[in-house]
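Peer 1: I'm passing along final_23.txt; it holds compact mmCIF, C-alpha atoms.
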```txt
# COMPACT_ATOMS: atom_id res chain seq x y z
CA MET A 5 66.71 62.45 83.68
CA ASP A 6 70.44 62.63 83.31
CA LYS A 7 71.65 65.45 85.48
CA ARG A 8 75.24 66.64 85.36
CA THR A 9 76.10 66.75 88.97
CA LYS A 10 79.53 67.82 90.06
CA PRO A 11 82.09 65.09 90.47
CA LYS A 12 82.81 64.51 94.11
CA GLY A 13 86.58 64.44 93.69
CA ARG A 14 89.17 67.19 93.76
CA LEU A 15 90.90 69.15 91.03
CA CYS A 16 93.15 67.69 88.36
CA THR A 17 96.78 67.66 89.52
CA LEU A 18 97.93 68.79 86.06
CA CYS A 19 95.68 71.68 85.07
CA ASN A 20 94.33 72.52 88.50
CA VAL A 21 91.20 73.82 86.78
CA ASN A 22 88.94 70.90 86.01
CA ARG A 23 87.77 68.15 88.32
CA ALA A 24 89.86 64.99 88.20
CA ALA A 25 87.92 62.04 86.85
CA LEU A 26 90.44 59.25 87.31
CA LYS A 27 93.53 58.23 89.19
CA ARG A 28 96.30 56.64 87.14
CA PRO A 29 97.35 53.46 88.94
CA LYS A 30 100.86 53.84 87.58
CA THR A 31 101.59 57.30 88.96
CA LEU A 32 98.63 58.00 91.24
CA GLU A 33 98.15 61.28 89.38
CA GLN A 34 94.58 62.49 89.55
CA LEU A 35 93.66 63.70 86.11
CA TRP A 36 90.88 65.43 84.28
CA VAL A 37 89.20 63.61 81.46
CA TYR A 38 85.77 64.24 80.12
CA VAL A 39 83.70 61.15 80.82
CA HIS A 40 80.73 60.67 78.55
CA SER A 41 78.27 59.29 81.00
CA ASN A 42 75.80 58.26 78.32
CA LEU A 43 78.41 55.85 77.01
CA LEU A 44 76.12 55.36 74.04
CA ARG A 45 78.94 55.12 71.54
CA PRO A 46 82.59 56.05 71.53
CA GLN A 47 82.89 59.79 71.17
CA LEU A 48 85.77 61.66 69.64
CA TRP A 49 88.44 62.31 72.18
CA VAL A 50 88.65 65.94 73.09
CA THR A 51 92.27 66.97 72.76
CA GLY A 52 93.67 68.89 75.66
CA GLU A 53 92.12 66.72 78.33
CA CYS A 54 94.87 66.11 80.82
CA PHE A 55 94.70 62.32 80.89
CA TYR A 56 95.00 62.05 77.12
CA THR A 57 97.83 64.57 77.07
CA VAL A 58 99.81 62.58 79.63
CA PHE A 59 98.95 59.24 78.05
CA GLU A 60 99.81 60.24 74.47
CA ASP A 61 103.01 62.05 75.44
CA GLU A 62 104.17 59.01 77.36
CA ILE A 63 103.60 56.71 74.39
CA HIS A 64 105.34 59.16 72.07
CA ARG A 65 108.35 59.12 74.45
CA VAL A 66 108.45 55.33 74.49
CA ILE A 67 108.30 55.21 70.69
CA LEU A 68 111.17 57.71 70.39
CA ASP A 69 113.35 56.33 73.19
CA ASN A 70 113.17 52.80 71.86
CA HIS A 71 113.41 53.73 68.17
CA LEU A 72 110.33 51.64 67.47
CA PHE A 73 109.63 52.95 63.97
CA LYS A 74 111.49 54.42 61.00
CA PRO A 75 109.98 56.84 58.50
CA GLY A 76 108.40 55.12 55.53
CA GLU A 77 107.67 51.87 57.34
CA ARG A 78 104.42 50.00 56.83
CA ILE A 79 102.78 49.07 60.14
CA ALA A 80 99.88 46.70 60.73
CA ILE A 81 97.72 47.33 63.78
CA GLY A 82 96.16 44.15 65.17
CA ALA A 83 92.54 45.23 65.59
CA SER A 84 89.96 43.12 67.36
CA GLY A 85 87.35 45.83 67.75
CA GLY A 86 87.72 45.70 71.53
CA LYS A 87 88.80 48.55 73.77
CA ASP A 88 92.55 47.95 73.79
CA SER A 89 93.11 47.70 70.06
CA THR A 90 90.70 50.58 69.47
CA VAL A 91 92.82 52.79 71.73
CA LEU A 92 95.93 51.52 69.96
CA ALA A 93 94.54 52.33 66.51
CA TYR A 94 93.52 55.79 67.65
CA VAL A 95 96.85 56.56 69.35
CA MET A 96 98.92 55.26 66.45
CA SER A 97 97.10 57.28 63.84
CA GLU A 98 96.98 60.37 66.05
CA LEU A 99 100.69 60.31 66.95
CA ASN A 100 101.66 59.47 63.37
CA ARG A 101 99.77 62.56 62.23
CA ARG A 102 100.83 64.85 65.06
CA HIS A 103 104.52 64.01 65.10
CA ASN A 104 105.01 63.15 61.41
CA TYR A 105 106.34 59.63 61.95
CA GLY A 106 105.80 59.03 58.23
CA LEU A 107 104.23 55.60 58.79
CA ASP A 108 101.78 53.78 56.54
CA LEU A 109 99.21 52.32 58.91
CA PHE A 110 96.88 49.40 58.24
CA LEU A 111 94.28 47.73 60.40
CA LEU A 112 94.57 43.96 60.45
CA SER A 113 91.65 42.03 61.81
CA VAL A 114 91.02 38.33 62.23
CA ASP A 115 87.61 36.84 61.57
CA GLU A 116 87.44 33.70 63.71
CA GLY A 117 84.08 32.74 62.27
CA ILE A 118 82.14 33.16 65.49
CA THR A 119 78.62 34.26 64.66
CA GLY A 120 77.82 37.64 66.16
CA TYR A 121 81.23 38.04 67.83
CA ARG A 122 82.68 40.96 65.90
CA ASP A 123 80.13 41.42 63.18
CA ASP A 124 79.81 45.18 63.57
CA SER A 125 82.58 45.95 66.00
CA LEU A 126 85.18 47.48 63.73
CA GLU A 127 85.47 51.15 63.14
CA THR A 128 88.36 51.85 60.85
CA TYR A 129 89.27 55.46 61.71
CA GLY A 130 89.93 56.05 58.02
CA LEU A 131 92.69 53.43 57.96
CA PRO A 132 92.77 50.70 55.30
CA LEU A 133 91.44 47.44 56.74
CA LYS A 134 92.47 43.87 55.95
CA VAL A 135 90.44 40.99 57.34
CA VAL A 136 91.86 37.47 57.33
CA SER A 137 89.50 34.66 58.25
CA TYR A 138 90.00 31.27 59.85
CA SER A 139 87.81 29.73 57.17
CA GLU A 140 90.02 31.12 54.38
CA LEU A 141 93.32 30.27 56.10
CA TYR A 142 92.49 26.98 57.75
CA GLY A 143 89.24 25.79 56.23
CA TRP A 144 87.58 25.85 59.66
CA THR A 145 85.49 28.49 61.40
CA MET A 146 85.40 28.62 65.19
CA ASP A 147 81.67 27.87 64.96
CA GLU A 148 82.55 24.59 63.25
CA ILE A 149 85.28 23.78 65.77
CA VAL A 150 82.91 24.49 68.66
CA LYS A 151 80.33 22.23 67.05
CA LEU A 152 82.95 19.50 67.14
CA ILE A 153 84.50 19.96 70.57
CA GLY A 154 81.90 21.88 72.55
CA LEU A 155 81.85 25.21 74.31
CA LYS A 156 84.63 24.43 76.76
CA ASN A 157 88.30 24.29 75.93
CA ASN A 158 88.19 25.78 72.48
CA CYS A 159 90.51 28.67 73.37
CA THR A 160 93.61 26.66 72.47
CA PHE A 161 92.49 26.47 68.87
CA CYS A 162 91.49 30.07 68.72
CA GLY A 163 94.76 31.28 70.23
CA VAL A 164 97.07 29.14 68.12
CA PHE A 165 95.15 30.06 64.99
CA ARG A 166 95.00 33.76 65.73
CA ARG A 167 98.73 34.11 66.25
CA GLN A 168 99.44 32.66 62.84
CA ALA A 169 96.55 34.52 61.21
CA LEU A 170 98.13 37.80 62.31
CA ASP A 171 101.50 36.73 60.88
CA ARG A 172 99.95 35.74 57.59
CA GLY A 173 97.83 38.89 57.39
CA ALA A 174 100.97 40.94 58.03
CA ALA A 175 102.75 39.08 55.24
CA LEU A 176 99.85 39.72 52.86
CA LEU A 177 99.94 43.43 53.69
CA LYS A 178 103.74 43.44 53.22
CA VAL A 179 104.19 45.38 56.45
CA ASP A 180 107.47 45.87 58.29
CA LYS A 181 105.97 45.62 61.76
CA LEU A 182 102.87 44.47 63.57
CA VAL A 183 101.65 46.26 66.69
CA THR A 184 99.14 44.82 69.15
CA GLY A 185 97.22 46.39 72.01
CA HIS A 186 98.50 44.22 74.84
CA ASN A 187 98.52 46.21 78.05
CA ALA A 188 100.29 45.90 81.40
CA ASP A 189 97.54 43.67 82.84
CA ASP A 190 97.97 41.28 79.92
CA ILE A 191 101.74 41.09 80.34
CA ALA A 192 101.53 40.61 84.11
CA GLU A 193 98.97 37.86 83.53
CA THR A 194 101.33 36.18 81.07
CA VAL A 195 104.19 36.31 83.60
CA LEU A 196 102.01 34.61 86.22
CA LEU A 197 100.66 32.05 83.76
CA ASN A 198 104.18 31.15 82.73
CA ILE A 199 105.01 30.42 86.36
CA LEU A 200 101.81 28.46 86.87
CA ARG A 201 102.30 26.58 83.63
CA GLY A 202 105.35 24.95 85.10
CA ILE A 203 103.16 23.55 87.84
CA TYR A 204 99.71 23.07 86.44
CA SER A 205 97.78 23.63 83.31
CA PRO A 206 98.11 26.56 80.94
CA ASN A 207 94.52 27.45 80.24
CA ALA A 208 92.77 26.53 83.41
CA TYR A 209 94.28 29.36 85.43
CA ARG A 210 93.59 32.14 82.95
CA GLY A 211 90.52 33.53 84.69
CA PHE A 212 92.05 33.22 88.15
CA ALA A 213 95.28 34.95 87.17
CA ARG A 214 93.45 37.99 85.85
CA GLU A 215 91.31 38.31 88.94
CA PHE A 216 94.34 37.83 91.18
CA ILE A 217 96.13 40.64 89.36
CA LYS A 218 93.18 42.96 89.77
CA ASP A 219 93.08 42.04 93.48
CA LEU A 220 96.75 42.94 93.83
CA GLU A 221 96.23 46.17 91.93
CA ARG A 222 93.57 47.23 94.39
CA LEU A 223 95.97 46.73 97.30
CA ARG A 224 98.94 48.26 95.55
CA PRO A 225 98.51 49.73 92.06
CA ARG A 226 102.16 49.33 91.19
CA ALA A 227 101.95 45.57 91.76
CA ILE A 228 101.20 45.05 88.09
CA LEU A 229 104.36 46.80 86.97
CA ASP A 230 106.30 44.97 89.68
CA ILE A 231 105.16 41.62 88.31
CA ILE A 232 106.25 42.62 84.81
CA LYS A 233 109.62 43.72 86.17
CA SER A 234 109.97 40.38 87.95
CA GLY A 235 109.20 38.63 84.67
CA GLU A 236 111.92 40.61 82.92
CA ASP A 237 114.39 39.76 85.66
CA PHE A 238 113.82 36.01 85.75
CA ARG A 239 117.07 34.18 85.98
CA ILE A 240 116.93 31.27 83.61
CA SER A 241 118.93 28.31 84.74
CA THR A 242 121.86 27.76 82.41
CA SER A 243 120.80 24.18 81.78
CA THR A 244 117.35 25.20 80.58
CA LYS A 245 116.84 25.03 76.86
CA MET A 246 114.92 28.11 75.76
CA PRO A 247 112.34 27.72 73.00
CA GLU A 248 113.72 28.99 69.74
CA GLN A 249 111.67 30.74 67.16
CA GLY A 250 111.75 28.67 64.04
CA THR A 251 109.64 28.13 61.02
CA CYS A 252 107.34 25.25 60.32
CA GLU A 253 108.94 22.95 57.76
CA ARG A 254 105.63 22.36 56.17
CA CYS A 255 104.07 25.81 55.75
CA GLY A 256 107.06 28.07 56.40
CA TYR A 257 105.31 30.20 59.00
CA ILE A 258 106.74 31.14 62.36
CA SER A 259 106.49 28.47 65.01
CA SER A 260 108.33 28.31 68.30
CA GLN A 261 106.46 25.19 69.25
CA GLN A 262 108.83 22.45 68.36
CA GLN A 263 106.36 19.78 69.27
CA TYR A 264 104.08 21.06 66.53
CA ARG A 265 106.90 21.61 64.05
CA GLU A 266 108.33 18.18 64.38
CA MET A 267 105.04 16.44 63.94
CA ARG A 268 104.98 17.59 60.34
CA PHE A 269 101.27 17.91 60.03
CA LYS A 270 100.14 17.92 56.44
CA LYS A 271 96.65 19.23 57.05
CA TYR A 272 95.13 21.59 59.56
CA SER A 273 92.74 18.81 60.52
CA GLU A 274 95.77 16.85 61.76
CA LEU A 275 96.85 19.78 63.90
CA ILE A 276 93.30 20.05 65.20
CA ALA A 277 93.27 16.36 66.13
CA HIS A 278 96.53 16.91 68.00
CA LEU A 279 95.20 19.98 69.79
CA LEU A 280 92.12 18.00 70.84
CA VAL A 281 94.39 15.66 72.78
CA VAL A 282 96.23 18.65 74.25
CA GLU A 283 92.90 20.00 75.44
CA GLN A 284 92.01 16.66 77.02
CA HIS A 285 95.24 16.75 78.96
CA ASP A 286 94.53 20.29 79.97
CA GLU A 287 91.12 19.45 81.34
CA LEU A 288 92.51 16.38 83.01
CA LEU A 289 95.18 18.35 84.83
CA MET A 290 92.56 20.80 86.01
CA ARG A 291 90.30 18.04 87.31
CA ASN A 292 93.21 16.45 89.10
CA HIS A 293 94.00 19.79 90.60
CA GLU A 294 90.42 20.26 91.77
CA SER A 295 90.33 16.89 93.44
CA ARG A 296 93.67 17.62 95.07
CA PRO A 297 94.23 21.35 95.61
CA PRO A 298 97.69 22.41 96.76
CA GLY A 299 98.27 21.80 100.43
CA THR A 300 95.77 18.99 100.81
CA THR A 301 96.58 15.40 101.54
CA PRO A 302 98.52 13.76 98.74
CA PHE A 303 96.81 11.82 95.97
CA PRO A 304 93.37 10.92 97.28
CA LYS A 305 92.11 10.52 93.72
CA VAL A 306 93.34 11.09 90.24
CA ASN A 307 91.62 11.38 86.90
CA VAL A 308 92.94 9.84 83.74
CA ALA A 309 92.25 10.63 80.11
CA HIS A 310 92.75 7.63 77.94
CA PHE A 311 94.71 4.48 78.21
CA HIS A 312 94.05 1.67 75.87
CA GLN A 313 95.27 -1.20 77.94
CA THR A 314 95.32 -2.01 81.56
CA ARG A 315 98.91 -2.44 82.57
CA ARG A 316 99.77 -4.12 85.81
CA GLU A 317 103.40 -4.74 85.01
CA ARG A 318 105.77 -1.87 84.83
CA SER A 319 107.42 -1.92 81.48
CA PRO A 320 111.19 -1.62 81.62
CA GLY A 321 111.36 1.14 79.02
CA PRO A 322 110.49 4.78 79.54
CA SER A 323 106.83 5.67 79.68
CA ARG A 324 105.32 6.79 76.43
CA GLY A 325 102.55 9.20 75.63
CA HIS A 326 101.78 12.76 74.76
CA GLY A 327 102.67 15.86 76.66
CA ARG A 328 104.32 16.31 80.00
CA GLY A 329 103.20 13.26 81.88
CA ARG A 330 104.01 12.81 85.50
CA GLY A 331 106.93 10.62 84.64
CA ARG A 332 107.11 7.35 86.45
CA ASP A 333 103.64 7.64 87.95
CA ARG A 334 101.96 7.41 84.63
CA ASP A 335 102.12 3.65 84.34
CA ARG A 336 100.33 3.25 87.60
CA TYR A 337 97.05 4.69 86.34
CA PHE A 338 94.45 2.29 85.11
CA ASN A 339 91.70 2.58 82.61
CA GLN A 340 88.62 2.24 84.76
CA GLY A 341 86.68 5.29 83.76
CA ASP A 342 87.24 8.86 84.75
CA ARG A 343 87.86 8.76 88.44
CA LEU A 344 90.25 6.23 89.82
CA GLU A 345 92.00 5.30 92.96
CA LEU A 346 95.71 5.35 92.63
CA ASN A 347 97.32 1.99 92.89
CA ASN A 348 99.51 2.31 95.92
CA ASP A 349 100.83 -1.21 95.79
CA PRO A 350 104.26 -0.92 97.41
CA GLN A 351 105.86 -3.37 95.00
CA HIS A 352 105.52 -0.74 92.29
CA ARG A 353 107.49 1.82 94.17
CA MET B 10 66.55 58.95 97.19
CA PHE B 11 66.62 58.61 93.40
CA ILE B 12 69.82 57.29 91.86
CA LEU B 13 70.59 56.54 88.23
CA SER B 14 72.49 53.28 87.99
CA LYS B 15 74.08 52.16 84.72
CA HIS B 16 75.61 48.78 83.99
CA ARG B 17 78.01 48.43 81.09
CA GLY B 18 80.83 46.33 79.70
CA GLY B 19 78.80 43.14 80.02
CA LEU B 20 77.41 43.73 83.51
CA GLU B 21 74.02 44.47 81.94
CA LEU B 22 73.83 40.75 81.16
CA LEU B 23 73.45 40.13 84.90
CA CYS B 24 70.32 42.27 84.99
CA ASP B 25 68.26 41.05 82.04
CA SER B 26 70.31 43.16 79.60
CA VAL B 27 68.82 46.36 81.01
CA LYS B 28 71.56 48.96 81.05
CA ILE B 29 69.95 51.90 82.79
CA HIS B 30 68.09 51.61 86.07
CA ASN B 31 66.30 54.47 87.79
CA ILE B 32 66.30 53.31 91.35
CA ASN B 33 64.94 54.62 94.60
CA VAL B 34 67.04 53.73 97.62
CA ASP B 35 66.73 55.02 101.12
CA PRO B 36 69.46 55.13 103.74
CA GLN B 37 69.49 52.18 106.05
CA HIS B 38 67.71 52.33 109.37
CA GLY B 39 69.54 54.52 111.82
CA GLU B 40 71.73 56.14 109.16
CA LYS B 41 71.31 59.57 107.72
CA GLN B 42 73.39 59.17 104.61
CA LEU B 43 73.39 56.75 101.73
CA THR B 44 76.88 55.49 100.90
CA MET B 45 78.16 53.48 97.96
CA LYS B 46 78.41 50.53 100.33
CA ASN B 47 74.66 50.68 100.96
CA LEU B 48 73.97 51.20 97.26
CA LEU B 49 76.06 48.18 96.26
CA SER B 50 74.22 45.82 98.54
CA TRP B 51 70.89 47.27 97.37
CA VAL B 52 71.87 46.84 93.71
CA ARG B 53 73.04 43.32 94.37
CA THR B 54 69.73 42.39 95.95
CA ASN B 55 67.35 44.31 93.74
CA VAL B 56 68.96 44.89 90.35
CA ILE B 57 71.32 41.97 89.74
CA LYS B 58 69.31 38.95 88.60
CA GLU B 59 72.01 36.33 88.15
CA ARG B 60 75.65 35.47 88.90
CA PRO B 61 76.18 38.17 91.56
CA GLU B 62 79.76 36.90 91.94
CA MET B 63 80.52 38.50 88.56
CA PHE B 64 79.57 41.84 90.07
CA MET B 65 80.68 41.72 93.68
CA LYS B 66 83.40 40.20 95.79
CA GLY B 67 83.08 40.62 99.53
CA ASP B 68 81.29 43.87 100.20
CA SER B 69 82.81 45.71 97.23
CA VAL B 70 82.72 45.28 93.47
CA ARG B 71 84.79 42.57 91.91
CA PRO B 72 88.28 43.86 91.11
CA GLY B 73 88.29 44.89 87.47
CA VAL B 74 84.86 46.52 87.62
CA LEU B 75 85.15 50.28 87.18
CA VAL B 76 82.82 52.44 89.20
CA LEU B 77 82.08 56.02 88.23
CA VAL B 78 80.17 58.35 90.51
CA ASN B 79 78.99 61.41 88.60
CA ASP B 80 81.46 60.69 85.81
CA ALA B 81 84.52 60.34 88.03
CA ASP B 82 86.25 57.20 89.23
CA TRP B 83 85.02 56.36 92.72
CA GLU B 84 88.65 56.08 93.87
CA LEU B 85 88.60 59.88 93.93
CA SER B 86 85.52 60.12 96.10
CA GLY B 87 86.26 57.51 98.74
CA GLN B 88 85.11 54.25 97.10
CA LEU B 89 82.70 52.46 99.46
CA ASP B 90 82.48 55.51 101.72
CA THR B 91 81.36 57.84 98.92
CA VAL B 92 78.23 59.63 100.11
CA LEU B 93 75.49 59.74 97.49
CA GLU B 94 73.03 62.54 96.94
CA GLU B 95 69.68 62.82 95.26
CA MET B 96 69.93 62.24 91.48
CA ASP B 97 73.56 61.16 91.51
CA ASN B 98 74.50 58.83 88.71
CA VAL B 99 76.58 55.75 89.21
CA VAL B 100 78.10 53.71 86.37
CA PHE B 101 79.47 50.17 86.68
CA ILE B 102 81.71 48.97 83.84
CA SER B 103 83.25 45.54 83.76
CA THR B 104 86.70 45.27 82.20
CA LEU B 105 87.00 41.56 82.92
CA HIS B 106 86.74 40.42 79.35
CA GLY B 107 88.86 40.39 76.26
CA GLY B 108 90.32 43.72 75.25
```
Since I need it in another form, could you write the structure as structure tokens?
Peer 2:
Amino acid sequence: MDKRTKPKGRLCTLCNVNRAALKRPKTLEQLWVYVHSNLLRPQLWVTGECFYTVFEDEIHRVILDNHLFKPGERIAIGASGGKDSTVLAYVMSELNRRHNYGLDLFLLSVDEGITGYRDDSLETYGLPLKVVSYSELYGWTMDEIVKLIGLKNNCTFCGVFRRQALDRGAALLKVDKLVTGHNADDIAETVLLNILRGIYSPNAYRGFAREFIKDLERLRPRAILDIIKSGEDFRISTSTKMPEQGTCERCGYISSQQQYREMRFKKYSELIAHLLVVEQHDELLMRNHESRPPGTTPFPKVNVAHFHQTRRERSPGPSRGHGRGRGRDRDRYFNQGDRLELNNDPQHR
Amino acid sequence: MFILSKHRGGLELLCDSVKIHNINVDPQHGEKQLTMKNLLSWVRTNVIKERPEMFMKGDSVRPGVLVLVNDADWELSGQLDTVLEEMDNVVFISTLHGG
């Protein structure tokens, strides 16, 4: 049934022989690449196709210009089995071979313990593979965590755990560097999320930010690179304290999150209990946002998470509690279930 | 007009996990040609079984869904205005998921 009809586009701007199959958003070049329309399984890349030539040369340039690697170094490639890290693993081993970087490459994969998630997704391209698992490192699989906290809001755990799992896997492999397959979309998304985080909740906007970026890209392909550039050029107010990378006093692994470091958790279950509260706050902020989107009338309703006592009197001391509360407003919320009217009693102002 | 429509990258989940659809679409009344715009609305009505918002936004695909017409990105052939011919093959690939 599958008929090879001619692509409807024009010729590749590089070779001027074959039909272009894609347009690079970054440069608007129209390039030839052989598209395997069956898409049954990843095929070997055919060298010489213009897109791959341009793509691989560009990465080689970046590696050279920025002196990313030295001969003899051991490099771990963070490999999820998805498209981005698969491309990364291919490009790294291909460029290492072609240009004699002299690197020892390893694939490093994290097994979150999610049934069926990456059971058969890893192809190793002949590279040695190390798998570190949440159950080995932390004594919890994601399946078990999900059983405890449900299908929503478990990304915090997964993300915090994965970052450290990669560090610890890299330490086990005794590598000099770890490379990951984050792409321009990912970085632009992070820039936007960091802006939104200052206003709302970190996780809740993840899906929206990605879609927004893809919307912008459609209007103006360079928008993604522009956002990254804006992120690089942020002026940080001189009074702002930047997070410092430190190590956890307990386990010795990298942690820039002082709030986790200073809590001196002794067990991962204590960290998990803490993250559960973080997630509650996250969901709470999102619900508050939904009941009062930006630009609508102020404070028709608010949602609260947990308060043990009803407090009518404002205590003289500073408000207490986890996370970034809304400062002085916090004491005016009452424990009457999920949805509450704000107490607008003027004497509290 | 027979068109081969393939749904990949998770989009097959919106049509009962069937990845390849041999479909027969005719140009709309009063039009001679079948365009991608016509095909999209036909696919949305007749092929997509659930959560159409994961597939389309407005009258086009959701940003982040790649569209290939005869193995080339539809950006090269005019996107929604691409004119389809008998036995053309169209591939939809979602990239809106973890990498």
Peer 1: Taking into account all atoms listed in the file, which residue in the set B:Ile102, B:Val74, B:Leu93, B:Met63 is nearest to Val34 (chain B)?
Peer 2: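 Ranking B:Ile102, B:Val74, B:Leu93, B:Met63 by distance to Val34 (chain B), first place goes to B:Leu93.
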Peer 1: Which polymer residues have any atom within 12 Å of an atom of region 77-88 of chain B, counting all atoms listed in the file, with same-chain residues fewer than 4 positions away left out, as an mmCIF file with C-alpha atoms, in the coordinates of the input?
Peer 2:
```cif
data_model
loop_
_atom_site.group_PDB
_atom_site.id
_atom_site.type_symbol
_atom_site.label_atom_id
_atom_site.label_comp_id
_atom_site.auth_asym_id
_atom_site.auth_seq_id
_atom_site.Cartn_x
_atom_site.Cartn_y
_atom_site.Cartn_z
ATOM 1 C CA ASP A 6 70.440 62.630 83.310
ATOM 2 C CA LYS A 7 71.650 65.450 85.480
ATOM 3 C CA ARG A 8 75.240 66.640 85.360
ATOM 4 C CA THR A 9 76.100 66.750 88.970
ATOM 5 C CA LYS A 10 79.530 67.820 90.060
ATOM 6 C CA PRO A 11 82.090 65.090 90.470
ATOM 7 C CA LYS A 12 82.810 64.510 94.110
ATOM 8 C CA GLY A 13 86.580 64.440 93.690
ATOM 9 C CA ARG A 14 89.170 67.190 93.760
ATOM 10 C CA LEU A 15 90.900 69.150 91.030
ATOM 11 C CA CYS A 16 93.150 67.690 88.360
ATOM 12 C CA ASN A 22 88.940 70.900 86.010
ATOM 13 C CA ARG A 23 87.770 68.150 88.320
ATOM 14 C CA ALA A 24 89.860 64.990 88.200
ATOM 15 C CA ALA A 25 87.920 62.040 86.850
ATOM 16 C CA LEU A 26 90.440 59.250 87.310
ATOM 17 C CA LYS A 27 93.530 58.230 89.190
ATOM 18 C CA ARG A 28 96.300 56.640 87.140
ATOM 19 C CA PRO A 29 97.350 53.460 88.940
ATOM 20 C CA LEU A 32 98.630 58.000 91.240
ATOM 21 C CA GLU A 33 98.150 61.280 89.380
ATOM 22 C CA GLN A 34 94.580 62.490 89.550
ATOM 23 C CA LEU A 35 93.660 63.700 86.110
ATOM 24 C CA TRP A 36 90.880 65.430 84.280
ATOM 25 C CA VAL A 37 89.200 63.610 81.460
ATOM 26 C CA TYR A 38 85.770 64.240 80.120
ATOM 27 C CA VAL A 39 83.700 61.150 80.820
ATOM 28 C CA HIS A 40 80.730 60.670 78.550
ATOM 29 C CA SER A 41 78.270 59.290 81.000
ATOM 30 C CA ASN A 42 75.800 58.260 78.320
ATOM 31 C CA LEU A 43 78.410 55.850 77.010
ATOM 32 C CA ARG A 222 93.570 47.230 94.390
ATOM 33 C CA PRO A 225 98.510 49.730 92.060
ATOM 34 C CA ILE B 12 69.820 57.290 91.860
ATOM 35 C CA LEU B 13 70.590 56.540 88.230
ATOM 36 C CA SER B 14 72.490 53.280 87.990
ATOM 37 C CA LYS B 15 74.080 52.160 84.720
ATOM 38 C CA HIS B 16 75.610 48.780 83.990
ATOM 39 C CA ARG B 17 78.010 48.430 81.090
ATOM 40 C CA THR B 44 76.880 55.490 100.900
ATOM 41 C CA MET B 45 78.160 53.480 97.960
ATOM 42 C CA LYS B 46 78.410 50.530 100.330
ATOM 43 C CA ASN B 47 74.660 50.680 100.960
ATOM 44 C CA LEU B 48 73.970 51.200 97.260
ATOM 45 C CA LEU B 49 76.060 48.180 96.260
ATOM 46 C CA ASP B 68 81.290 43.870 100.200
ATOM 47 C CA SER B 69 82.810 45.710 97.230
ATOM 48 C CA VAL B 70 82.720 45.280 93.470
ATOM 49 C CA VAL B 92 78.230 59.630 100.110
ATOM 50 C CA LEU B 93 75.490 59.740 97.490
ATOM 51 C CA GLU B 94 73.030 62.540 96.940
ATOM 52 C CA GLU B 95 69.680 62.820 95.260
ATOM 53 C CA MET B 96 69.930 62.240 91.480
ATOM 54 C CA ASP B 97 73.560 61.160 91.510
ATOM 55 C CA ASN B 98 74.500 58.830 88.710
ATOM 56 C CA VAL B 99 76.580 55.750 89.210
ATOM 57 C CA VAL B 100 78.100 53.710 86.370
ATOM 58 C CA PHE B 101 79.470 50.170 86.680
ATOM 59 C CA ILE B 102 81.710 48.970 83.840
ATOM 60 C CA SER B 103 83.250 45.540 83.760
#
```
Peer 1: Extract, using only C-alpha atoms, all DNA, RNA and protein residues at most 9 Å from Cys24 (chain B), discarding same-chain residues fewer than 6 positions from it, and format them as a list in words.
Peer 2: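 Here the answer would be His16, Val56, Ile57, Lys58 and Glu59 of chain B.
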Peer 1: Dump C-alpha atoms for the selected residues as a short mmCIF file (atom, residue, chain, number, x, y, z; two decimals), keeping the file's coordinate frame?
Peer 2:
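Below is the file that was written, selection-v3.cif:
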```
data_model
loop_
_atom_site.label_atom_id
_atom_site.label_comp_id
_atom_site.auth_asym_id
_atom_site.auth_seq_id
_atom_site.Cartn_x
_atom_site.Cartn_y
_atom_site.Cartn_z
CA HIS B 16 75.61 48.78 83.99
CA VAL B 56 68.96 44.89 90.35
CA ILE B 57 71.32 41.97 89.74
CA LYS B 58 69.31 38.95 88.60
CA GLU B 59 72.01 36.33 88.15
#
```
Peer 1: Which distance in Å separates CA of Gly39 (chain B) and CA of Gly67 (chain B), to one decimal?
Peer 2: 23.0 Å
Peer 1: I'd like the interatomic distance between CA of Tyr94 (chain A) and CA of Val195 (chain A), to a tenth of an Å.
Peer 2: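 Calculated distance between CA of Tyr94 (chain A) and CA of Val195 (chain A) is 27.3 Å.
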Peer 1: Could you work out how far CA of Glu148 (chain A) lies from CA of Ala213 (chain A), giving the answer in Å with one decimal?
Peer 2: 29.0 Å
Peer 1: List the spatial neighbours of Arg102 (chain A) as a list in words - criterion: any atom at most 12 Å away, all atoms listed in the file, same-chain residues fewer than 4 positions off excluded.
Peer 2: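 Once the adjacent positions are removed, what remains is Thr51, Glu60, Asp61, His64, Tyr94, Val95, Met96, Ser97, Glu98, Gly106 and Leu107 of chain A.
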Peer 1: Tell me which of B:Thr91, B:Gln42, B:Ser26, B:Thr54 sits closest to chain A, counting all atoms listed in the file.
Peer 2: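 Among the listed residues, the smallest separation from chain A belongs to B:Thr91.
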Peer 1: For chain A, which of B:Asn33, B:Asn55, B:Ser50, B:Thr104 is the closest residue, counting only C-alpha atoms?
Peer 2: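 Residue with the minimum atom-to-atom distance to chain A: B:Thr104.
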Peer 1: Taking all atoms listed in the file into account, name the residue in B:Pro72, B:Asp90, B:Gly107, B:Pro61 that is nearest to Glu215 (chain A).
Peer 2: B:Pro72
Peer 1: Check the smallest atom-to-atom distance from each of A:Leu197, A:Ile217, A:Leu170, A:Ile63 to chain B using all atoms listed in the file, then report the winner.
Peer 2: A:Ile217
Peer 1: Go through B:Arg53, B:Arg60, B:His38, B:Lys66 and flag the residue nearest chain A, using only C-alpha atoms for the distances.
Peer 2: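 Of B:Arg53, B:Arg60, B:His38, B:Lys66, the one nearest chain A, counting only C-alpha atoms, is B:Lys66.
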